[in-house]
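Source file: coords.pdb; contents: PDB, C-alpha atoms (C1' of nucleotides).
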```pdb
ATOM      1  CA  MET A1231       3.358 -38.670  10.220
ATOM      2  CA  PRO A1232       5.254 -35.546  11.153
ATOM      3  CA  ARG A1233       3.482 -32.255  11.312
ATOM      4  CA  SER A1234       5.563 -30.993   8.422
ATOM      5  CA  GLN A1235       3.765 -33.478   6.209
ATOM      6  CA  ARG A1236       0.362 -33.315   7.772
ATOM      7  CA  ARG A1237      -0.388 -29.702   7.029
ATOM      8  CA  VAL A1238       1.187 -28.098   4.022
ATOM      9  CA  LEU A1239       2.559 -24.655   4.669
ATOM     10  CA  THR A1240       1.638 -22.779   1.517
ATOM     11  CA  HIS A1241       4.262 -20.329   0.340
ATOM     12  CA  PRO A1242       3.894 -18.310  -2.862
ATOM     13  CA  GLU A1243       6.607 -18.689  -5.461
ATOM     14  CA  ALA A1244       9.222 -15.975  -5.671
ATOM     15  CA  ASP A1245       7.859 -14.728  -8.998
ATOM     16  CA  GLU A1246       4.296 -14.671  -7.754
ATOM     17  CA  LEU A1247       4.814 -12.095  -5.035
ATOM     18  CA  ASP A1248       2.452  -9.138  -5.219
ATOM     19  CA  VAL A1249       3.815  -5.857  -3.982
ATOM     20  CA  LEU A1250       0.386  -4.742  -2.797
ATOM     21  CA  ASP A1251       0.079  -7.858  -0.671
ATOM     22  CA  VAL A1252       3.522  -7.236   0.748
ATOM     23  CA  LEU A1253       2.717  -3.623   1.568
ATOM     24  CA  HIS A1254      -0.521  -4.612   3.206
ATOM     25  CA  ALA A1255       1.271  -7.281   5.214
ATOM     26  CA  LEU A1256       3.797  -4.724   6.405
ATOM     27  CA  SER A1257       1.278  -2.026   7.313
ATOM     28  CA  ASP A1258       0.585  -3.492  10.733
ATOM     29  CA  PRO A1259       2.721  -2.788  13.806
ATOM     30  CA  THR A1260       2.710  -6.370  15.052
ATOM     31  CA  ARG A1261       3.757  -7.776  11.696
ATOM     32  CA  MET A1262       6.321  -5.056  11.192
ATOM     33  CA  THR A1263       7.842  -5.929  14.552
ATOM     34  CA  ILE A1264       8.065  -9.527  13.432
ATOM     35  CA  VAL A1265       9.924  -8.537  10.274
ATOM     36  CA  GLN A1266      12.105  -6.154  12.224
ATOM     37  CA  THR A1267      13.025  -8.917  14.629
ATOM     38  CA  LEU A1268      13.792 -11.327  11.797
ATOM     39  CA  ARG A1269      16.205  -8.853  10.268
ATOM     40  CA  ALA A1270      18.325  -9.042  13.409
ATOM     41  CA  ASP A1271      17.894 -12.759  14.076
ATOM     42  CA  PRO A1272      17.850 -14.924  10.975
ATOM     43  CA  GLU A1273      15.574 -17.593  12.395
ATOM     44  CA  ARG A1274      13.281 -17.644  15.369
ATOM     45  CA  ALA A1275      10.583 -19.835  16.836
ATOM     46  CA  CYS A1276       7.066 -18.496  16.817
ATOM     47  CA  GLY A1277       6.736 -17.929  20.498
ATOM     48  CA  THR A1278       9.926 -15.923  20.861
ATOM     49  CA  PHE A1279       8.864 -12.685  19.221
ATOM     50  CA  PRO A1280       8.633  -9.538  21.330
ATOM     51  CA  VAL A1281       5.008  -8.873  20.570
ATOM     52  CA  ASP A1282       2.134  -8.565  22.970
ATOM     53  CA  VAL A1283      -0.778 -10.423  21.447
ATOM     54  CA  ALA A1284      -2.535 -13.699  22.071
ATOM     55  CA  PRO A1285      -0.992 -16.827  20.513
ATOM     56  CA  SER A1286      -3.898 -17.247  18.131
ATOM     57  CA  THR A1287      -3.496 -13.672  16.965
ATOM     58  CA  LEU A1288       0.172 -14.321  16.359
ATOM     59  CA  THR A1289      -0.678 -17.318  14.222
ATOM     60  CA  HIS A1290      -2.951 -15.107  12.177
ATOM     61  CA  HIS A1291      -0.193 -12.561  11.575
ATOM     62  CA  PHE A1292       2.269 -15.254  10.578
ATOM     63  CA  ARG A1293      -0.205 -16.524   8.040
ATOM     64  CA  VAL A1294      -0.644 -13.065   6.528
ATOM     65  CA  LEU A1295       3.109 -12.614   6.255
ATOM     66  CA  ARG A1296       3.630 -16.099   4.882
ATOM     67  CA  GLU A1297       0.909 -15.858   2.244
ATOM     68  CA  ALA A1298       2.285 -12.502   1.148
ATOM     69  CA  GLY A1299       5.664 -14.147   0.698
ATOM     70  CA  VAL A1300       7.422 -12.110   3.352
ATOM     71  CA  ILE A1301       8.419 -14.995   5.585
ATOM     72  CA  ARG A1302       9.057 -18.690   5.250
ATOM     73  CA  GLN A1303       8.133 -21.200   7.904
ATOM     74  CA  ARG A1304       9.368 -24.687   8.500
ATOM     75  CA  GLU A1305       8.449 -27.206  11.126
ATOM     76  CA  ASP A1306      10.896 -28.911  13.409
ATOM     77  CA  GLY A1307       9.525 -31.090  16.132
ATOM     78  CA  ASN A1308       7.245 -29.059  18.267
ATOM     79  CA  ARG A1309       8.458 -25.688  17.027
ATOM     80  CA  ARG A1310       7.755 -23.699  13.924
ATOM     81  CA  TRP A1311      10.728 -21.740  12.725
ATOM     82  CA  THR A1312      10.355 -18.545  10.799
ATOM     83  CA  THR A1313      12.756 -16.810   8.435
ATOM     84  CA  LEU A1314      12.588 -13.701   6.330
ATOM     85  CA  ARG A1315      12.571 -14.369   2.574
ATOM     86  CA  ARG A1316      15.254 -11.809   2.034
ATOM     87  CA  ASP A1317      16.607 -13.073  -1.275
ATOM     88  CA  ASP A1318      13.231 -13.585  -2.884
ATOM     89  CA  LEU A1319      12.012 -10.177  -1.768
ATOM     90  CA  GLU A1320      15.190  -8.472  -2.856
ATOM     91  CA  ALA A1321      15.107 -10.134  -6.259
ATOM     92  CA  ARG A1322      11.545  -9.091  -6.953
ATOM     93  CA  PHE A1323      11.347  -5.794  -5.061
ATOM     94  CA  PRO A1324      14.898  -4.411  -4.903
ATOM     95  CA  GLY A1325      15.474  -2.183  -1.921
ATOM     96  CA  LEU A1326      11.917  -2.366  -0.696
ATOM     97  CA  VAL A1327      12.263  -4.288   2.548
ATOM     98  CA  GLU A1328      15.466  -2.446   3.347
ATOM     99  CA  ALA A1329      13.765   0.927   2.928
ATOM    100  CA  VAL A1330      10.653  -0.106   4.825
ATOM    101  CA  VAL A1331      12.397  -1.569   7.844
ATOM    102  CA  THR A1332      14.937   1.242   7.990
ATOM    103  CA  ALA A1333      12.123   3.769   7.970
ATOM    104  CA  TYR A1334      10.256   1.888  10.653
ATOM    105  CA  GLU A1335      13.268   1.544  12.919
ATOM    106  CA  ARG A1336      13.743   5.268  12.852
ATOM    107  CA  GLN A1337      10.287   5.847  14.247
ATOM    108  CA  ALA A1338       9.960   2.680  16.348
ATOM    109  CA  PRO A1339      13.234   1.278  17.667
ATOM    110  CA  PRO A1340      13.188  -2.496  18.066
ATOM    111  CA  PRO A1341      12.076  -3.769  21.492
ATOM    112  CA  GLY A1342      15.064  -4.467  23.669
ATOM    113  CA  SER A1343      17.235  -1.733  22.195
ATOM    114  CA  ALA A1344      18.445   0.361  25.091
ATOM    115  CA  THR A1345      18.528   3.692  23.321
ATOM    116  CA  GLY A1346      15.396   5.036  21.836
ATOM    117  CA  GLY A1347      17.424   7.373  19.679
ATOM    118  CA  PRO A1348      16.000  10.820  18.967
ATOM    119  CA  GLY A1349      12.489   9.756  19.787
ATOM    120  CA  GLN A1350      10.211  11.663  22.101
ATOM    121  CA  PRO A1351      11.005  10.258  25.563
ATOM    122  CA  HIS A1352       7.630  11.163  26.915
TER     123      HIS A1352
ATOM    124  CA  MET B1455     -14.636  33.363  -0.099
ATOM    125  CA  PRO B1456     -12.619  30.987  -2.241
ATOM    126  CA  ARG B1457     -12.805  27.313  -1.659
ATOM    127  CA  SER B1458      -9.157  27.219  -0.700
ATOM    128  CA  GLN B1459     -10.056  29.132   2.422
ATOM    129  CA  ARG B1460     -13.390  27.590   3.139
ATOM    130  CA  ARG B1461     -12.263  24.078   3.930
ATOM    131  CA  VAL B1462      -8.808  23.472   5.248
ATOM    132  CA  LEU B1463      -6.933  20.673   3.583
ATOM    133  CA  THR B1464      -5.108  19.009   6.434
ATOM    134  CA  HIS B1465      -1.633  17.777   5.593
ATOM    135  CA  PRO B1466       0.645  16.126   8.148
ATOM    136  CA  GLU B1467       4.025  17.749   8.723
ATOM    137  CA  ALA B1468       7.014  16.147   7.081
ATOM    138  CA  ASP B1469       8.372  14.900  10.392
ATOM    139  CA  GLU B1470       5.047  13.454  11.465
ATOM    140  CA  LEU B1471       4.752  10.921   8.680
ATOM    141  CA  ASP B1472       4.141   7.367   9.839
ATOM    142  CA  VAL B1473       5.583   4.639   7.681
ATOM    143  CA  LEU B1474       2.745   2.284   8.584
ATOM    144  CA  ASP B1475       0.205   4.835   7.389
ATOM    145  CA  VAL B1476       2.151   5.271   4.179
ATOM    146  CA  LEU B1477       2.329   1.532   3.584
ATOM    147  CA  HIS B1478      -1.355   1.160   4.223
ATOM    148  CA  ALA B1479      -2.097   4.024   1.872
ATOM    149  CA  LEU B1480      -0.018   2.381  -0.833
ATOM    150  CA  SER B1481      -1.450  -1.106  -0.429
ATOM    151  CA  ASP B1482      -4.450  -0.385  -2.617
ATOM    152  CA  PRO B1483      -4.422  -0.654  -6.407
ATOM    153  CA  THR B1484      -6.403   2.526  -6.994
ATOM    154  CA  ARG B1485      -4.191   4.581  -4.729
ATOM    155  CA  MET B1486      -1.047   3.031  -6.121
ATOM    156  CA  THR B1487      -2.192   3.989  -9.613
ATOM    157  CA  ILE B1488      -2.628   7.551  -8.413
ATOM    158  CA  VAL B1489       0.917   7.630  -7.071
ATOM    159  CA  GLN B1490       2.224   5.946 -10.182
ATOM    160  CA  THR B1491       0.541   8.566 -12.330
ATOM    161  CA  LEU B1492       1.901  11.389 -10.221
ATOM    162  CA  ARG B1493       5.433  10.131 -10.679
ATOM    163  CA  ALA B1494       5.101  10.679 -14.406
ATOM    164  CA  ASP B1495       3.103  13.914 -14.279
ATOM    165  CA  PRO B1496       4.107  16.269 -11.498
ATOM    166  CA  GLU B1497       0.682  17.783 -10.984
ATOM    167  CA  ARG B1498      -2.752  16.687 -12.043
ATOM    168  CA  ALA B1499      -6.344  17.607 -11.415
ATOM    169  CA  CYS B1500      -8.454  15.114  -9.518
ATOM    170  CA  GLY B1501     -10.636  14.055 -12.383
ATOM    171  CA  THR B1502      -7.793  13.252 -14.747
ATOM    172  CA  PHE B1503      -6.493  10.078 -13.178
ATOM    173  CA  PRO B1504      -6.804   6.826 -15.113
ATOM    174  CA  VAL B1505      -8.796   5.034 -12.474
ATOM    175  CA  ASP B1506     -12.184   3.472 -12.772
ATOM    176  CA  VAL B1507     -14.090   4.324  -9.623
ATOM    177  CA  ALA B1508     -16.907   6.671  -8.713
ATOM    178  CA  PRO B1509     -15.985  10.303  -7.983
ATOM    179  CA  SER B1510     -16.874   9.968  -4.329
ATOM    180  CA  THR B1511     -14.657   6.925  -4.055
ATOM    181  CA  LEU B1512     -11.829   8.852  -5.626
ATOM    182  CA  THR B1513     -12.269  11.602  -3.071
ATOM    183  CA  HIS B1514     -11.949   8.993  -0.361
ATOM    184  CA  HIS B1515      -8.689   7.665  -1.793
ATOM    185  CA  PHE B1516      -7.244  11.150  -2.085
ATOM    186  CA  ARG B1517      -8.027  11.766   1.535
ATOM    187  CA  VAL B1518      -6.272   8.572   2.611
ATOM    188  CA  LEU B1519      -3.199   9.505   0.609
ATOM    189  CA  ARG B1520      -3.239  13.072   1.828
ATOM    190  CA  GLU B1521      -3.630  12.212   5.487
ATOM    191  CA  ALA B1522      -0.812   9.697   5.208
ATOM    192  CA  GLY B1523       1.373  12.460   3.788
ATOM    193  CA  VAL B1524       1.853  10.865   0.390
ATOM    194  CA  ILE B1525       0.271  13.632  -1.655
ATOM    195  CA  ARG B1526      -0.354  17.332  -1.320
ATOM    196  CA  GLN B1527      -3.458  19.047  -2.631
ATOM    197  CA  ARG B1528      -4.080  22.651  -3.395
ATOM    198  CA  GLU B1529      -7.149  24.372  -4.693
ATOM    199  CA  ASP B1530      -7.260  26.592  -7.735
ATOM    200  CA  GLY B1531     -10.597  27.811  -8.886
ATOM    201  CA  ASN B1532     -12.770  24.875  -9.591
ATOM    202  CA  ARG B1533     -10.009  22.309  -9.654
ATOM    203  CA  ARG B1534      -8.074  20.569  -6.978
ATOM    204  CA  TRP B1535      -4.500  19.916  -7.962
ATOM    205  CA  THR B1536      -2.561  17.015  -6.580
ATOM    206  CA  THR B1537       1.184  16.513  -6.255
ATOM    207  CA  LEU B1538       3.367  13.807  -4.828
ATOM    208  CA  ARG B1539       5.289  14.848  -1.697
ATOM    209  CA  ARG B1540       8.490  13.461  -3.111
ATOM    210  CA  ASP B1541      10.961  15.490  -1.078
ATOM    211  CA  ASP B1542       9.212  14.982   2.245
ATOM    212  CA  LEU B1543       8.848  11.275   1.637
ATOM    213  CA  GLU B1544      12.414  10.904   0.486
ATOM    214  CA  ALA B1545      13.749  12.811   3.487
ATOM    215  CA  ARG B1546      11.869  10.684   5.970
ATOM    216  CA  PHE B1547      11.781   7.321   4.198
ATOM    217  CA  PRO B1548      14.791   7.258   1.869
ATOM    218  CA  GLY B1549      14.299   5.030  -1.135
ATOM    219  CA  LEU B1550      10.878   3.825  -0.063
ATOM    220  CA  VAL B1551       8.611   5.360  -2.665
ATOM    221  CA  GLU B1552      11.154   4.670  -5.353
ATOM    222  CA  ALA B1553      11.307   0.984  -4.428
ATOM    223  CA  VAL B1554       7.559   0.654  -4.060
ATOM    224  CA  VAL B1555       6.603   2.275  -7.334
ATOM    225  CA  THR B1556       9.365   0.528  -9.250
ATOM    226  CA  ALA B1557       8.182  -2.806  -7.901
ATOM    227  CA  TYR B1558       4.590  -1.999  -8.772
ATOM    228  CA  GLU B1559       5.378  -0.889 -12.304
ATOM    229  CA  ARG B1560       7.069  -4.189 -12.953
ATOM    230  CA  GLN B1561       3.912  -6.089 -12.149
ATOM    231  CA  ALA B1562       1.348  -3.482 -13.286
ATOM    232  CA  PRO B1563       2.522  -1.182 -16.070
ATOM    233  CA  PRO B1564       0.943   2.262 -15.938
ATOM    234  CA  PRO B1565      -2.286   2.673 -17.923
ATOM    235  CA  GLY B1566      -1.546   4.094 -21.336
ATOM    236  CA  SER B1567       1.871   2.494 -21.677
ATOM    237  CA  ALA B1568       1.891   0.578 -24.937
ATOM    238  CA  THR B1569       4.088  -2.312 -23.888
ATOM    239  CA  GLY B1570       3.028  -4.468 -21.053
ATOM    240  CA  GLY B1571       6.534  -5.839 -20.741
ATOM    241  CA  PRO B1572       6.954  -9.510 -19.860
ATOM    242  CA  GLY B1573       3.560  -9.729 -18.263
ATOM    243  CA  GLN B1574       1.018 -12.406 -19.043
ATOM    244  CA  PRO B1575      -0.920 -10.979 -22.012
ATOM    245  CA  HIS B1576      -3.987 -13.010 -21.236
TER     246      HIS B1576
ATOM    247  C1'  DA C 569     -28.312  35.077 -13.417
ATOM    248  C1'  DC C 570     -28.118  30.548 -15.164
ATOM    249  C1'  DG C 571     -26.349  26.108 -16.448
ATOM    250  C1'  DG C 572     -22.385  23.189 -16.683
ATOM    251  C1'  DT C 573     -18.261  21.439 -14.501
ATOM    252  C1'  DT C 574     -15.650  19.864 -10.660
ATOM    253  C1'  DG C 575     -15.288  17.915  -6.558
ATOM    254  C1'  DT C 576     -17.041  17.055  -1.593
ATOM    255  C1'  DA C 577     -20.132  15.291   2.249
ATOM    256  C1'  DC C 578     -23.178  12.072   3.948
ATOM    257  C1'  DG C 579     -25.321   7.728   4.670
ATOM    258  C1'  DA C 580     -25.572   2.956   3.623
ATOM    259  C1'  DT C 581     -23.694  -1.543   2.661
ATOM    260  C1'  DG C 582     -21.113  -5.635   2.089
ATOM    261  C1'  DG C 583     -16.606  -7.362   2.838
ATOM    262  C1'  DT C 584     -12.225  -7.573   5.313
ATOM    263  C1'  DT C 585      -9.440  -7.459   9.416
ATOM    264  C1'  DG C 586      -7.411  -7.646  14.164
ATOM    265  C1'  DT C 587      -8.491  -9.455  18.338
ATOM    266  C1'  DC C 588      -9.526 -12.918  21.653
ATOM    267  C1'  DG C 589     -10.944 -17.429  24.206
ATOM    268  C1'  DA C 590     -11.761 -22.161  24.105
ATOM    269  C1'  DA C 591     -10.612 -26.523  22.234
ATOM    270  C1'  DA C 592      -7.543 -29.593  20.055
ATOM    271  C1'  DG C 593      -3.332 -31.649  17.698
ATOM    272  C1'  DA C 594       1.420 -32.947  17.658
ATOM    273  C1'  DG C 595       5.717 -33.700  19.730
ATOM    274  C1'  DA C 596       8.985 -34.290  23.931
ATOM    275  C1'  DG C 597       9.985 -36.298  28.143
ATOM    276  C1'  DG C 598       9.073 -38.899  32.134
TER     277       DG C 598
ATOM    278  C1'  DC D 618       0.455 -43.705  29.029
ATOM    279  C1'  DC D 619       0.305 -39.222  30.835
ATOM    280  C1'  DT D 620       1.466 -34.560  31.046
ATOM    281  C1'  DC D 621       3.496 -30.491  29.605
ATOM    282  C1'  DT D 622       4.707 -27.227  25.930
ATOM    283  C1'  DC D 623       4.117 -25.142  21.514
ATOM    284  C1'  DT D 624       1.163 -23.908  18.024
ATOM    285  C1'  DT D 625      -3.031 -24.178  15.273
ATOM    286  C1'  DT D 626      -8.067 -24.070  14.258
ATOM    287  C1'  DC D 627     -12.548 -22.502  14.989
ATOM    288  C1'  DG D 628     -16.106 -19.332  16.184
ATOM    289  C1'  DA D 629     -17.241 -14.875  17.559
ATOM    290  C1'  DC D 630     -17.120  -9.945  17.664
ATOM    291  C1'  DA D 631     -16.186  -5.134  16.981
ATOM    292  C1'  DA D 632     -13.815  -2.073  14.067
ATOM    293  C1'  DC D 633     -12.402  -0.674   9.817
ATOM    294  C1'  DC D 634     -12.604  -0.120   4.756
ATOM    295  C1'  DA D 635     -13.709   0.329  -0.268
ATOM    296  C1'  DT D 636     -17.529   1.255  -2.809
ATOM    297  C1'  DC D 637     -21.522   3.635  -4.401
ATOM    298  C1'  DG D 638     -25.695   6.935  -5.079
ATOM    299  C1'  DT D 639     -27.567  11.088  -3.891
ATOM    300  C1'  DA D 640     -27.412  15.638  -2.608
ATOM    301  C1'  DC D 641     -24.846  19.760  -2.310
ATOM    302  C1'  DA D 642     -21.325  23.565  -2.681
ATOM    303  C1'  DA D 643     -18.098  26.388  -5.252
ATOM    304  C1'  DC D 644     -16.425  28.090  -9.454
ATOM    305  C1'  DC D 645     -16.531  29.452 -14.425
ATOM    306  C1'  DG D 646     -18.302  30.364 -18.650
ATOM    307  C1'  DT D 647     -21.872  32.700 -21.364
TER     308       DT D 647
END
```

For this file, produce the structure as structure tokens.
Amino acid sequence: MPRSQRRVLTHPEADELDVLDVLHALSDPTRMTIVQTLRADPERACGTFPVDVAPSTLTHHFRVLREAGVIRQREDGNRRWTTLRRDDLEARFPGLVEAVVTAYERQAPPPGSATGGPGQPH
Amino acid sequence: MPRSQRRVLTHPEADELDVLDVLHALSDPTRMTIVQTLRADPERACGTFPVDVAPSTLTHHFRVLREAGVIRQREDGNRRWTTLRRDDLEARFPGLVEAVVTAYERQAPPPGSATGGPGQPH
DNA sequence: ACGGTTGTACGATGGTTGTCGAAAGAGAGG
DNA sequence: CCTCTCTTTCGACAACCATCGTACAACCGT
């Protein structure tokens, strides 16, 4: 029995999303970096995010984001692939994710971006 | 010496606002109700918000909002007046507060509004 | 001056959260 | 079958947080 059947990945329905849960999920730098990364890359495996925490901590953050309805996860072989639920979020909270991530990028450029923009270099 | 001089109400500068702090401040139903109320009424005294918590708890929530830069408070005689920092927030996080409050009102109509909209009535 | 109003400060408390390490499960490949 | 990789689960722990009651400070009437 494949892992995708063994453990059910619970995702809230699009019309069940709670904006307070979403805001709480986004008010953490690690989780925000995950969302930021997913906006650039549509789908990534769990271990490929530019965050600096232990694997078990990462699993915890993915669960928070998933149960808030921010991301969707699917299993494929050994990997777990993660996507941003852009359409569902946009339908229920128009402009929210756009505004949040844009605001965050201004103050914390995504890891790997060469220019830090007008941020304090020291 | 008036109270407005006695204790300094610390407000972050407009360019110091942290989007993660703002999101955290907004991810609480009591605080979101405060912001929601302030969008309708430009300025209110502390005790006039339609929330159901103890006064000391309310003070705590005002401090969280103030230190995140969401609200501004000024003293006048016995009262402490609270306003939303709309311009500062809009300049630094364009569209954010608008999207957040709009999303929240859809799922939790402001207290005192007659129609609950298409929400579950029971 | 006195009492009432408004709001804060402090301390306590129960619950939540972010973090990690160790152990284990599931799949891929030899 | 065995091993390696990817990811999860569990237990633990310290930090944080929302909440409250009590005490207190400032202001405003009378």

Given the file above and the PyMOL selection byres ((chain B and resi 1474) around 10), which residues are selected, and can you give them as a ChimeraX atom specification? /A:1253-1254,1256-1259,1262,1330,1333-1334 /B:1471-1473,1475-1480,1522

Computed gap from atom CA of B:Arg1560 to atom CA of B:Val1505 is 18.4 Å

For the contact check between chain A and chain D, emit one row per residue of chain A within 8 Å, containing the shortest atom pair and the distance in Å rounded to one decimal, counting all atoms listed in the file, chain then rising number order, as a tab-separated table.
```
residue	atom	partner	partner_atom	distance
A:Gly1277	CA	D:DC623	C1'	7.7
A:Pro1285	CA	D:DT624	C1'	7.8
A:Ser1286	CA	D:DT625	C1'	7.5
A:Thr1289	CA	D:DT625	C1'	7.3
A:Asn1308	CA	D:DC623	C1'	6.0
A:Arg1309	CA	D:DC623	C1'	6.3
A:Arg1310	CA	D:DT624	C1'	7.8
```

Hey, can you spit out that residue selection with C-alpha atoms as a compact mmCIF listing (two decimals), in the coordinates of the input?
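Done, and the output landed in out_9.txt:
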```
# COMPACT_ATOMS: atom_id res chain seq x y z
CA GLY A 1277 6.74 -17.93 20.50
CA PRO A 1285 -0.99 -16.83 20.51
CA SER A 1286 -3.90 -17.25 18.13
CA THR A 1289 -0.68 -17.32 14.22
CA ASN A 1308 7.24 -29.06 18.27
CA ARG A 1309 8.46 -25.69 17.03
CA ARG A 1310 7.76 -23.70 13.92
```

Matched chain/residue IDs from the PyMOL selection byres ((chain C) within 10 of (chain A)), as an NGL selection string:
:C and (586-589 or 593-596)

>> I'd like the contact shell of A:Val1265 - 12 Å cut-off, only C-alpha atoms (C1' of nucleotides), skipping same-chain residues fewer than 5 positions apart - returned as a VMD selection string.
In response: chain A and resid 1252 1255 to 1260 1270 to 1274 1279 to 1281 1291 to 1292 1295 to 1296 1299 to 1302 1312 to 1316 1327 to 1328 1330 to 1332 1334 to 1335 1340

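Proximity ranking of A:Leu1268, A:Arg1261, A:Pro1341, A:Glu1297 relative to chain B places A:Arg1261 first, based on all atoms listed in the file.
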
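Atom CA of B:Thr1491 to atom CA of B:Asp1469 spans 24.9 Å [interatomic distance, one decimal].
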
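Among the candidate residues A:Asp1318, A:Pro1339, A:Ala1329, A:Thr1263, the one lying nearest to chain B is A:Ala1329, with distances computed using all atoms listed in the file.
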
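In this model, the gap between atom CA of A:Glu1305 and atom CA of A:His1241 comes to 13.5 Å.
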
Of A:Glu1246, A:Val1294, A:Arg1304, A:Thr1278, the one sitting nearest chain B when using all atoms listed in the file is A:Glu1246

Shortest contact to chain B, candidates A:Leu1326, A:Ile1264, A:Ala1338, A:Leu1319, atoms counted all atoms listed in the file, goes to A:Leu1326

Once you've located stretch 1509-1546 of chain B in the structure I gave, write it as a PDB file, in the first residue's frame, keeping C-alpha atoms.
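Listed below is the output, out-v1.pdb:
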```pdb
ATOM      1  CA  PRO B1509      -9.898  45.303  30.880  1.00  0.00           C
ATOM      2  CA  SER B1510      -6.392  44.115  31.619  1.00  0.00           C
ATOM      3  CA  THR B1511      -6.587  41.698  28.726  1.00  0.00           C
ATOM      4  CA  LEU B1512      -7.700  44.500  26.469  1.00  0.00           C
ATOM      5  CA  THR B1513      -4.716  46.559  27.536  1.00  0.00           C
ATOM      6  CA  HIS B1514      -2.499  43.662  26.560  1.00  0.00           C
ATOM      7  CA  HIS B1515      -4.035  43.439  23.091  1.00  0.00           C
ATOM      8  CA  PHE B1516      -3.660  47.163  22.541  1.00  0.00           C
ATOM      9  CA  ARG B1517      -0.016  46.914  23.410  1.00  0.00           C
ATOM     10  CA  VAL B1518       0.537  44.098  20.918  1.00  0.00           C
ATOM     11  CA  LEU B1519      -1.168  46.088  18.187  1.00  0.00           C
ATOM     12  CA  ARG B1520       0.659  49.262  19.080  1.00  0.00           C
ATOM     13  CA  GLU B1521       4.094  47.692  19.209  1.00  0.00           C
ATOM     14  CA  ALA B1522       3.469  46.024  15.866  1.00  0.00           C
ATOM     15  CA  GLY B1523       2.631  49.440  14.436  1.00  0.00           C
ATOM     16  CA  VAL B1524      -0.977  48.644  13.621  1.00  0.00           C
ATOM     17  CA  ILE B1525      -2.553  51.267  15.851  1.00  0.00           C
ATOM     18  CA  ARG B1526      -1.590  54.586  17.354  1.00  0.00           C
ATOM     19  CA  GLN B1527      -2.680  55.707  20.797  1.00  0.00           C
ATOM     20  CA  ARG B1528      -2.815  59.131  22.285  1.00  0.00           C
ATOM     21  CA  GLU B1529      -3.889  60.265  25.695  1.00  0.00           C
ATOM     22  CA  ASP B1530      -6.494  62.900  26.377  1.00  0.00           C
ATOM     23  CA  GLY B1531      -7.520  63.464  29.923  1.00  0.00           C
ATOM     24  CA  ASN B1532      -8.803  60.265  31.324  1.00  0.00           C
ATOM     25  CA  ARG B1533      -9.227  58.496  28.023  1.00  0.00           C
ATOM     26  CA  ARG B1534      -6.839  56.823  25.692  1.00  0.00           C
ATOM     27  CA  TRP B1535      -7.805  57.239  22.079  1.00  0.00           C
ATOM     28  CA  THR B1536      -6.893  54.692  19.477  1.00  0.00           C
ATOM     29  CA  THR B1537      -6.540  55.059  15.718  1.00  0.00           C
ATOM     30  CA  LEU B1538      -5.542  52.750  12.927  1.00  0.00           C
ATOM     31  CA  ARG B1539      -2.215  53.645  11.280  1.00  0.00           C
ATOM     32  CA  ARG B1540      -3.745  53.348   7.855  1.00  0.00           C
ATOM     33  CA  ASP B1541      -1.306  55.515   5.929  1.00  0.00           C
ATOM     34  CA  ASP B1542       1.815  54.014   7.463  1.00  0.00           C
ATOM     35  CA  LEU B1543       0.551  50.499   6.922  1.00  0.00           C
ATOM     36  CA  GLU B1544      -0.530  51.211   3.386  1.00  0.00           C
ATOM     37  CA  ALA B1545       2.802  52.815   2.521  1.00  0.00           C
ATOM     38  CA  ARG B1546       4.808  49.888   3.799  1.00  0.00           C
TER      39      ARG B1546
END
```
